[in-house]
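Asks: The structure follows.
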Amino acid sequence: MTLLSFNDVDLSFSRYDGLLTAREIPILKRISFSLKCGEVVALIGASGGGKSLIAHALFGILPPNALIRGDIRFDGQRVDDGSRPSLLGRRMALVPQSISHLDPLARCFQQLRWAARRAGLRVNDAALVAMLTHFGLDARAAQAFPHQLSGGMARRMLMAIATVGNPDLIVADEPTSGLDDDNAAIVLSKLKSMADAGKGVLLITHSLATALAYADSVCLVRQGRVEGVERAEAFEGCGQGLSSDYARALWHALPQNGFRVTGDA
C-alpha cells in the first residue's frame, strides 16, 4: 500500500525586486516519488540539492514566501494546511537534521513527555522509560539536558521524541550527521527495524554508500529535480541493473568502485 506520494510537486520562493515587482525563484521542480508501508526509501543528493526542502514541504515548515504546487498525499489523503495538523506527530513524524532542535533548557525526559502529549497520548512515565530503553537510553540520559548527551545519544533521543506517537511514517533528515560508524549503524538499524515492523521510512542523506545497506529503494535528487528512482539491489557490479546514467555515475564514483567520475556525476 502506498503510504506517501509526491506527484509533480514544485516549490518556489517569491522575492521582491524593489517595492512593487515580485518574482518566483524555482527551487524544486516536478518532484515525484512514492513510499510504501514496510519500506525504507533513501532520498539521496548533494548538500543544497533540495532534499530537506522536500521534507519541509511535507511537514509545512516552509517560510511564508514559499509557493507549493502539485500534489502530496499521505495514505491517499491530500496533505495541505487543513489535513496536516491531524497527521503531525500522530501519523507522520520528522526526525530533524540538527540536534539543536532539542530544547537546551529542558531535561530530555520532559521533552519526551511534551511530545507524547502533542501526539494525544496518555502514557505514564514507565511507558516512556521503556521507550527510551528501546533506543538504548538509560535513566541518566532521561534526566540529562541535551548538551550533556553524546552525539549518538542525542540522535537517538530525537528519534524517541519523534516516534513516541507511534507514527506510520518517519522522515529522518540526515540522522547520522556527525556520528562515527558504530553510532550511525545503531541509528540506521533502528530506522530499518521500524520499516520491518510495517512503518514507512524516508531516509534523507547525502551518503549513497551508507544508505544502500538499509534502503529498499533510492530516489536520486539533483539540483531540485528527481533524476531517477532505483531499487537498492541494482547498485552492484558495474551498475548494469541501474536505469539512469546519473545513478550509474554515482555508483561508479564510490570508493569501492575506484572513484570513477563521469560527466553525469
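We label chains A, B, ... in the order they appear in the C-alpha cells, count residues from 1 in each chain, and number ligands from 1 in the order shown.
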Report as an NGL selection string all protein, DNA and RNA residues lying within 9 Å of Arg118 of chain A, evaluated on only C-alpha atoms, omitting residues in the same chain fewer than 3 positions from it.
Replies: :A and (88-90 or 113-115 or 121 or 165)
Asks: Considering only alpha helix (DSSP H) as DSSP defines it on the backbone, what residues of segment 64-126 of chain A qualify? List them as a ChimeraX atom specification.
Replies: /A:84-87,108-118,125-126
Asks: If we count only C-alpha atoms, what is near Leu202 of chain A at a cut-off of 12 Å, once residues fewer than 3 positions away on the same chain are taken out, given as a PyMOL selection string?
Replies: chain A and resi 3-5+33-44+51-52+54-55+58+92-95+168-175+188+191-192+194-195+199+205+211+214-219
Asks: Since we have the selection now, will you write its residues out, keeping N, CA and C atoms, as a CSV table (one decimal), in the first residue's frame?
Replies:
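Generated file (out.csv):
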```
chain,number,residue,atom,x,y,z
A,3,LEU,N,2.0,4.7,1.0
A,3,LEU,CA,1.8,5.5,2.2
A,3,LEU,C,2.0,7.0,1.9
A,4,LEU,N,3.0,7.3,1.1
A,4,LEU,CA,3.3,8.7,0.8
A,4,LEU,C,3.6,8.8,-0.6
A,5,SER,N,3.1,9.9,-1.3
A,5,SER,CA,3.5,10.1,-2.7
A,5,SER,C,3.6,11.6,-2.9
A,33,PHE,N,7.8,10.8,-6.4
A,33,PHE,CA,8.3,9.5,-5.9
A,33,PHE,C,7.2,9.0,-4.9
A,34,SER,N,7.3,7.8,-4.6
A,34,SER,CA,6.3,7.2,-3.6
A,34,SER,C,7.0,6.3,-2.6
A,35,LEU,N,6.3,6.0,-1.5
A,35,LEU,CA,6.9,5.2,-0.4
A,35,LEU,C,5.8,4.3,0.1
A,36,LYS,N,6.1,3.0,0.3
A,36,LYS,CA,5.1,2.1,0.8
A,36,LYS,C,5.3,1.7,2.2
A,37,CYS,N,4.3,1.2,2.9
A,37,CYS,CA,4.4,0.7,4.2
A,37,CYS,C,5.5,-0.4,4.2
A,38,GLY,N,6.3,-0.5,5.3
A,38,GLY,CA,7.3,-1.5,5.3
A,38,GLY,C,8.5,-1.3,4.5
A,39,GLU,N,8.7,0.0,4.0
A,39,GLU,CA,9.8,0.3,3.0
A,39,GLU,C,10.6,1.4,3.6
A,40,VAL,N,11.9,1.3,3.3
A,40,VAL,CA,12.9,2.4,3.5
A,40,VAL,C,13.2,3.0,2.1
A,41,VAL,N,12.9,4.2,1.9
A,41,VAL,CA,13.3,4.9,0.7
A,41,VAL,C,14.3,5.9,1.1
A,42,ALA,N,15.5,5.8,0.4
A,42,ALA,CA,16.6,6.8,0.7
A,42,ALA,C,16.5,7.9,-0.3
A,43,LEU,N,16.4,9.1,0.2
A,43,LEU,CA,16.4,10.3,-0.7
A,43,LEU,C,17.9,10.8,-0.7
A,44,ILE,N,18.5,10.6,-1.8
A,44,ILE,CA,20.0,10.8,-1.9
A,44,ILE,C,20.3,12.1,-2.8
A,51,LYS,N,16.9,18.3,-0.8
A,51,LYS,CA,16.3,17.1,-0.1
A,51,LYS,C,15.5,17.5,1.2
A,52,SER,N,16.1,18.4,2.0
A,52,SER,CA,15.4,18.8,3.2
A,52,SER,C,14.2,19.6,2.9
A,54,ILE,N,12.1,19.1,0.6
A,54,ILE,CA,11.1,18.1,0.3
A,54,ILE,C,10.4,17.7,1.6
A,55,ALA,N,11.2,17.4,2.6
A,55,ALA,CA,10.6,17.1,3.9
A,55,ALA,C,9.9,18.3,4.5
A,58,LEU,N,6.4,18.7,3.1
A,58,LEU,CA,5.5,17.7,3.6
A,58,LEU,C,5.0,18.1,5.0
A,92,MET,N,2.5,10.9,11.1
A,92,MET,CA,3.8,11.1,10.4
A,92,MET,C,4.7,12.0,11.3
A,93,ALA,N,6.0,11.7,11.3
A,93,ALA,CA,6.9,12.4,12.2
A,93,ALA,C,8.2,12.7,11.6
A,94,LEU,N,8.8,13.8,11.9
A,94,LEU,CA,10.1,14.2,11.4
A,94,LEU,C,11.2,14.1,12.4
A,95,VAL,N,12.3,13.4,12.1
A,95,VAL,CA,13.5,13.4,12.9
A,95,VAL,C,14.4,14.5,12.3
A,168,ASP,N,3.0,6.3,11.5
A,168,ASP,CA,3.1,5.3,10.4
A,168,ASP,C,4.3,5.7,9.4
A,169,LEU,N,4.6,7.0,9.4
A,169,LEU,CA,5.7,7.4,8.5
A,169,LEU,C,6.7,8.2,9.4
A,170,ILE,N,8.0,7.8,9.2
A,170,ILE,CA,9.1,8.5,9.9
A,170,ILE,C,10.0,9.1,8.8
A,171,VAL,N,10.2,10.4,8.8
A,171,VAL,CA,11.1,11.1,7.9
A,171,VAL,C,12.4,11.5,8.7
A,172,ALA,N,13.5,10.9,8.4
A,172,ALA,CA,14.7,11.1,9.1
A,172,ALA,C,15.7,11.9,8.2
A,173,ASP,N,15.9,13.2,8.6
A,173,ASP,CA,16.7,14.1,7.8
A,173,ASP,C,18.2,14.0,8.3
A,174,GLU,N,19.1,13.4,7.5
A,174,GLU,CA,20.5,13.3,7.8
A,174,GLU,C,20.7,12.8,9.3
A,175,PRO,N,20.1,11.7,9.6
A,175,PRO,CA,20.1,11.2,11.0
A,175,PRO,C,21.5,10.7,11.5
A,188,LEU,N,20.7,3.8,12.1
A,188,LEU,CA,20.1,3.3,10.9
A,188,LEU,C,19.4,2.0,11.1
A,191,LEU,N,15.9,2.6,12.4
A,191,LEU,CA,15.0,3.0,11.3
A,191,LEU,C,14.6,1.8,10.5
A,192,LYS,N,15.6,0.9,10.2
A,192,LYS,CA,15.3,-0.3,9.4
A,192,LYS,C,14.3,-1.2,10.2
A,194,MET,N,12.0,-0.2,12.2
A,194,MET,CA,10.7,0.4,12.2
A,194,MET,C,10.0,0.0,10.8
A,195,ALA,N,10.8,0.0,9.8
A,195,ALA,CA,10.2,-0.4,8.5
A,195,ALA,C,9.8,-1.9,8.5
A,199,LYS,N,6.2,0.2,9.3
A,199,LYS,CA,6.2,1.6,9.1
A,199,LYS,C,6.9,2.0,7.8
A,205,THR,N,19.6,11.6,3.1
A,205,THR,CA,21.1,11.5,3.3
A,205,THR,C,21.8,11.9,2.0
A,211,ALA,N,23.5,4.4,2.8
A,211,ALA,CA,22.1,4.1,2.7
A,211,ALA,C,21.8,2.8,2.1
A,214,TYR,N,20.6,-0.3,4.0
A,214,TYR,CA,19.3,-0.2,4.8
A,214,TYR,C,18.1,0.1,3.9
A,215,ALA,N,18.3,0.6,2.7
A,215,ALA,CA,17.2,1.1,1.9
A,215,ALA,C,16.7,0.0,1.0
A,216,ASP,N,15.4,0.1,0.7
A,216,ASP,CA,14.8,-0.8,-0.3
A,216,ASP,C,14.9,-0.1,-1.7
A,217,SER,N,14.7,1.2,-1.7
A,217,SER,CA,14.9,1.9,-3.0
A,217,SER,C,15.5,3.2,-2.7
A,218,VAL,N,16.0,3.8,-3.8
A,218,VAL,CA,16.8,5.1,-3.7
A,218,VAL,C,16.2,6.1,-4.7
A,219,CYS,N,15.9,7.3,-4.2
A,219,CYS,CA,15.4,8.3,-5.0
A,219,CYS,C,16.5,9.4,-5.1
```
Asks: Please extract the residues of segment 47-252 of chain A with a backbone DSSP assignment of strand (DSSP E) and present them as a VMD selection string.
Replies: chain A and resid 66 to 74 77 to 78 92 to 95 169 to 173 200 to 205 217 to 222 225 to 231
Asks: Given only C-alpha atoms, how would the per-residue table for segment 153-211 of chain A near segment 132-144 of chain A read, listing every residue at most 8 Å away with its closest atom pair and distance in Å to one decimal, sorted by chain and number, as a tab-separated table?
Replies:
```
residue	atom	partner	partner_atom	distance
A:Met153	CA	A:Leu137	CA	7.1
A:Arg156	CA	A:Phe135	CA	6.1
A:Met157	CA	A:Leu132	CA	7.6
A:Ala160	CA	A:Leu132	CA	6.5
A:Lys190	CA	A:Phe135	CA	7.7
```
Asks: What's around Phe235 of chain A at 12 Å? Count only C-alpha atoms, leave out sequence neighbours fewer than 5 positions away in its own chain, and write the answer as an mmCIF file with N, CA and C atoms, in the first residue's frame.
Replies:
```
data_model
loop_
_atom_site.group_PDB
_atom_site.id
_atom_site.type_symbol
_atom_site.label_atom_id
_atom_site.label_comp_id
_atom_site.auth_asym_id
_atom_site.auth_seq_id
_atom_site.Cartn_x
_atom_site.Cartn_y
_atom_site.Cartn_z
ATOM 1 N N LEU A 208 25.255 7.777 -0.361
ATOM 2 C CA LEU A 208 24.697 6.616 -1.051
ATOM 3 C C LEU A 208 25.253 5.319 -0.476
ATOM 4 N N ALA A 209 26.545 5.283 -0.231
ATOM 5 C CA ALA A 209 27.181 4.048 0.246
ATOM 6 C C ALA A 209 26.584 3.594 1.572
ATOM 7 N N ALA A 211 23.544 4.404 2.820
ATOM 8 C CA ALA A 211 22.114 4.122 2.725
ATOM 9 C C ALA A 211 21.813 2.766 2.108
ATOM 10 N N LEU A 212 22.661 2.285 1.210
ATOM 11 C CA LEU A 212 22.342 1.076 0.456
ATOM 12 C C LEU A 212 22.148 -0.148 1.340
ATOM 13 N N ALA A 213 22.815 -0.192 2.481
ATOM 14 C CA ALA A 213 22.693 -1.348 3.366
ATOM 15 C C ALA A 213 21.336 -1.403 4.065
ATOM 16 N N ALA A 215 18.328 0.603 2.738
ATOM 17 C CA ALA A 215 17.217 1.073 1.912
ATOM 18 C C ALA A 215 16.681 -0.028 0.998
ATOM 19 N N ASP A 216 15.399 0.082 0.686
ATOM 20 C CA ASP A 216 14.785 -0.787 -0.327
ATOM 21 C C ASP A 216 14.862 -0.140 -1.698
ATOM 22 N N SER A 217 14.717 1.176 -1.733
ATOM 23 C CA SER A 217 14.853 1.900 -2.993
ATOM 24 C C SER A 217 15.525 3.239 -2.742
ATOM 25 N N VAL A 218 16.017 3.830 -3.810
ATOM 26 C CA VAL A 218 16.797 5.066 -3.736
ATOM 27 C C VAL A 218 16.207 6.073 -4.711
ATOM 28 N N VAL A 229 14.560 6.895 -9.760
ATOM 29 C CA VAL A 229 14.296 6.050 -8.592
ATOM 30 C C VAL A 229 14.770 4.644 -8.941
ATOM 31 N N GLU A 230 15.625 4.101 -8.093
ATOM 32 C CA GLU A 230 16.251 2.806 -8.358
ATOM 33 C C GLU A 230 16.031 1.859 -7.179
ATOM 34 N N GLN A 240 24.959 -2.380 -14.092
ATOM 35 C CA GLN A 240 24.212 -2.731 -15.297
ATOM 36 C C GLN A 240 22.706 -2.782 -15.047
ATOM 37 N N GLY A 241 22.296 -2.955 -13.786
ATOM 38 C CA GLY A 241 20.868 -3.009 -13.478
ATOM 39 C C GLY A 241 20.239 -1.658 -13.215
ATOM 40 N N LEU A 242 21.030 -0.587 -13.228
ATOM 41 C CA LEU A 242 20.523 0.753 -12.968
ATOM 42 C C LEU A 242 19.921 1.346 -14.236
ATOM 43 N N SER A 243 18.848 2.119 -14.056
ATOM 44 C CA SER A 243 18.108 2.602 -15.217
ATOM 45 C C SER A 243 18.561 3.968 -15.703
ATOM 46 N N SER A 244 19.281 4.722 -14.873
ATOM 47 C CA SER A 244 19.663 6.077 -15.289
ATOM 48 C C SER A 244 21.180 6.242 -15.322
ATOM 49 N N ALA A 247 22.501 7.582 -11.942
ATOM 50 C CA ALA A 247 22.676 6.553 -10.912
ATOM 51 C C ALA A 247 23.970 5.786 -11.136
ATOM 52 N N ARG A 248 24.246 5.442 -12.382
ATOM 53 C CA ARG A 248 25.490 4.724 -12.680
ATOM 54 C C ARG A 248 26.711 5.588 -12.378
ATOM 55 N N ALA A 249 26.618 6.884 -12.675
ATOM 56 C CA ALA A 249 27.741 7.778 -12.401
ATOM 57 C C ALA A 249 28.023 7.858 -10.908
ATOM 58 N N LEU A 250 26.986 7.955 -10.092
ATOM 59 C CA LEU A 250 27.181 7.992 -8.640
ATOM 60 C C LEU A 250 27.755 6.675 -8.124
ATOM 61 N N TRP A 251 27.263 5.576 -8.644
ATOM 62 C CA TRP A 251 27.738 4.264 -8.227
ATOM 63 C C TRP A 251 29.218 4.087 -8.569
ATOM 64 N N HIS A 252 29.600 4.479 -9.755
ATOM 65 C CA HIS A 252 30.996 4.331 -10.174
ATOM 66 C C HIS A 252 31.929 5.246 -9.385
ATOM 67 N N ALA A 253 31.396 6.363 -8.865
ATOM 68 C CA ALA A 253 32.236 7.336 -8.161
ATOM 69 C C ALA A 253 32.508 6.960 -6.713
ATOM 70 N N LEU A 254 31.880 5.890 -6.206
ATOM 71 C CA LEU A 254 32.129 5.476 -4.826
ATOM 72 C C LEU A 254 33.531 4.895 -4.680
ATOM 73 N N GLN A 256 34.709 2.175 -3.352
ATOM 74 C CA GLN A 256 34.856 0.759 -3.671
ATOM 75 C C GLN A 256 34.807 0.482 -5.169
ATOM 76 N N ASN A 257 34.377 1.483 -5.935
ATOM 77 C CA ASN A 257 34.328 1.325 -7.385
ATOM 78 C C ASN A 257 35.401 2.151 -8.082
#
```
Asks: Calculate how many Å separate atom CA of Ile31 of chain A from atom CA of Pro63 of chain A, rounding to one decimal.
Replies: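 It comes out at 19.1 Å.
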Asks: A:Pro96, A:Gly60, A:Gly18, A:Gly239: which is nearest Ile204 of chain A, counting only C-alpha atoms?
Replies: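 Of all the options, A:Pro96 lies closest to Ile204 of chain A.
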Asks: For a quick check of understanding, using only C-alpha atoms, which of A:Asn65, A:Ser32, A:Thr21, A:Thr176 has the smallest distance to Arg225 of chain A?
Replies: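 The shortest atom-to-atom distance to Arg225 of chain A comes from A:Ser32.
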Asks: In terms of the shortest atom-to-atom distance over only C-alpha atoms, which of A:Ala66, A:Met1, A:Ala46, A:Ala127 is closest to Arg15 of chain A?
Replies: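 Checking each candidate against Arg15 of chain A, we get A:Ala66 as the closest.
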Asks: Mind pulling up the distance from atom CA of Phe259 of chain A to atom CA of Gly237 of chain A?
Replies: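 Atom CA of Phe259 of chain A lies 14.1 Å from atom CA of Gly237 of chain A.
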Asks: Applying 10 Å and only C-alpha atoms, which residues near Val79 of chain A remain after dropping the ones on its own chain fewer than 3 positions away? List them as a list in words.
Replies: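 Skipping anything fewer than 3 positions along the chain leaves Leu4, Ser5, Ala57, Leu58, Phe59, Gly60, Asp71, Ile72, Arg73, Phe74, Asp75, Gly76, Gly82, Ser83, Arg84, Pro85 and Leu87 of chain A.
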Asks: How would the residues just chosen look if you wrote them out with N, CA and C atoms as a PDB file, in the first residue's frame?
Replies:
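That gives us part_17.pdb:
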```pdb
ATOM      1  N   LEU A   4       3.002   7.285   1.143  1.00  0.00           N
ATOM      2  CA  LEU A   4       3.335   8.682   0.830  1.00  0.00           C
ATOM      3  C   LEU A   4       3.637   8.800  -0.649  1.00  0.00           C
ATOM      4  N   SER A   5       3.132   9.867  -1.263  1.00  0.00           N
ATOM      5  CA  SER A   5       3.467  10.116  -2.659  1.00  0.00           C
ATOM      6  C   SER A   5       3.595  11.606  -2.923  1.00  0.00           C
ATOM      7  N   ALA A  57       8.372  20.666   2.946  1.00  0.00           N
ATOM      8  CA  ALA A  57       7.110  20.845   2.226  1.00  0.00           C
ATOM      9  C   ALA A  57       6.051  19.887   2.760  1.00  0.00           C
ATOM     10  N   LEU A  58       6.446  18.669   3.053  1.00  0.00           N
ATOM     11  CA  LEU A  58       5.515  17.687   3.607  1.00  0.00           C
ATOM     12  C   LEU A  58       4.992  18.126   4.967  1.00  0.00           C
ATOM     13  N   PHE A  59       5.895  18.624   5.818  1.00  0.00           N
ATOM     14  CA  PHE A  59       5.518  18.947   7.188  1.00  0.00           C
ATOM     15  C   PHE A  59       5.057  20.396   7.367  1.00  0.00           C
ATOM     16  N   GLY A  60       5.048  21.181   6.299  1.00  0.00           N
ATOM     17  CA  GLY A  60       4.526  22.542   6.381  1.00  0.00           C
ATOM     18  C   GLY A  60       5.377  23.482   7.193  1.00  0.00           C
ATOM     19  N   ASP A  71       0.844  17.813  -5.956  1.00  0.00           N
ATOM     20  CA  ASP A  71       0.005  17.007  -5.082  1.00  0.00           C
ATOM     21  C   ASP A  71       0.873  16.155  -4.163  1.00  0.00           C
ATOM     22  N   ILE A  72       0.707  16.326  -2.850  1.00  0.00           N
ATOM     23  CA  ILE A  72       1.349  15.471  -1.856  1.00  0.00           C
ATOM     24  C   ILE A  72       0.251  14.686  -1.160  1.00  0.00           C
ATOM     25  N   ARG A  73       0.383  13.373  -1.116  1.00  0.00           N
ATOM     26  CA  ARG A  73      -0.653  12.544  -0.499  1.00  0.00           C
ATOM     27  C   ARG A  73      -0.048  11.616   0.549  1.00  0.00           C
ATOM     28  N   PHE A  74      -0.795  11.480   1.656  1.00  0.00           N
ATOM     29  CA  PHE A  74      -0.430  10.559   2.718  1.00  0.00           C
ATOM     30  C   PHE A  74      -1.595   9.605   2.917  1.00  0.00           C
ATOM     31  N   ASP A  75      -1.337   8.323   2.712  1.00  0.00           N
ATOM     32  CA  ASP A  75      -2.373   7.296   2.850  1.00  0.00           C
ATOM     33  C   ASP A  75      -3.614   7.660   2.032  1.00  0.00           C
ATOM     34  N   GLY A  76      -3.377   8.186   0.838  1.00  0.00           N
ATOM     35  CA  GLY A  76      -4.465   8.543  -0.068  1.00  0.00           C
ATOM     36  C   GLY A  76      -5.082   9.905   0.161  1.00  0.00           C
ATOM     37  N   GLY A  82      -5.155  22.093   5.823  1.00  0.00           N
ATOM     38  CA  GLY A  82      -6.325  21.592   6.529  1.00  0.00           C
ATOM     39  C   GLY A  82      -6.132  20.212   7.129  1.00  0.00           C
ATOM     40  N   SER A  83      -5.475  19.332   6.397  1.00  0.00           N
ATOM     41  CA  SER A  83      -5.319  17.944   6.862  1.00  0.00           C
ATOM     42  C   SER A  83      -4.083  17.722   7.702  1.00  0.00           C
ATOM     43  N   ARG A  84      -3.063  18.573   7.524  1.00  0.00           N
ATOM     44  CA  ARG A  84      -1.763  18.330   8.153  1.00  0.00           C
ATOM     45  C   ARG A  84      -1.802  18.291   9.684  1.00  0.00           C
ATOM     46  N   PRO A  85      -2.533  19.190  10.377  1.00  0.00           N
ATOM     47  CA  PRO A  85      -2.479  19.181  11.849  1.00  0.00           C
ATOM     48  C   PRO A  85      -2.869  17.851  12.483  1.00  0.00           C
ATOM     49  N   LEU A  87      -2.266  14.978  11.296  1.00  0.00           N
ATOM     50  CA  LEU A  87      -1.270  13.963  10.945  1.00  0.00           C
ATOM     51  C   LEU A  87       0.028  14.111  11.714  1.00  0.00           C
TER      52      LEU A  87
END
```
Asks: Atom CA of Leu149 of chain A and atom CA of Pro167 of chain A are how many Å apart?
Replies: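 Spanning atom CA of Leu149 of chain A to atom CA of Pro167 of chain A is a straight-line distance of 25.0 Å.
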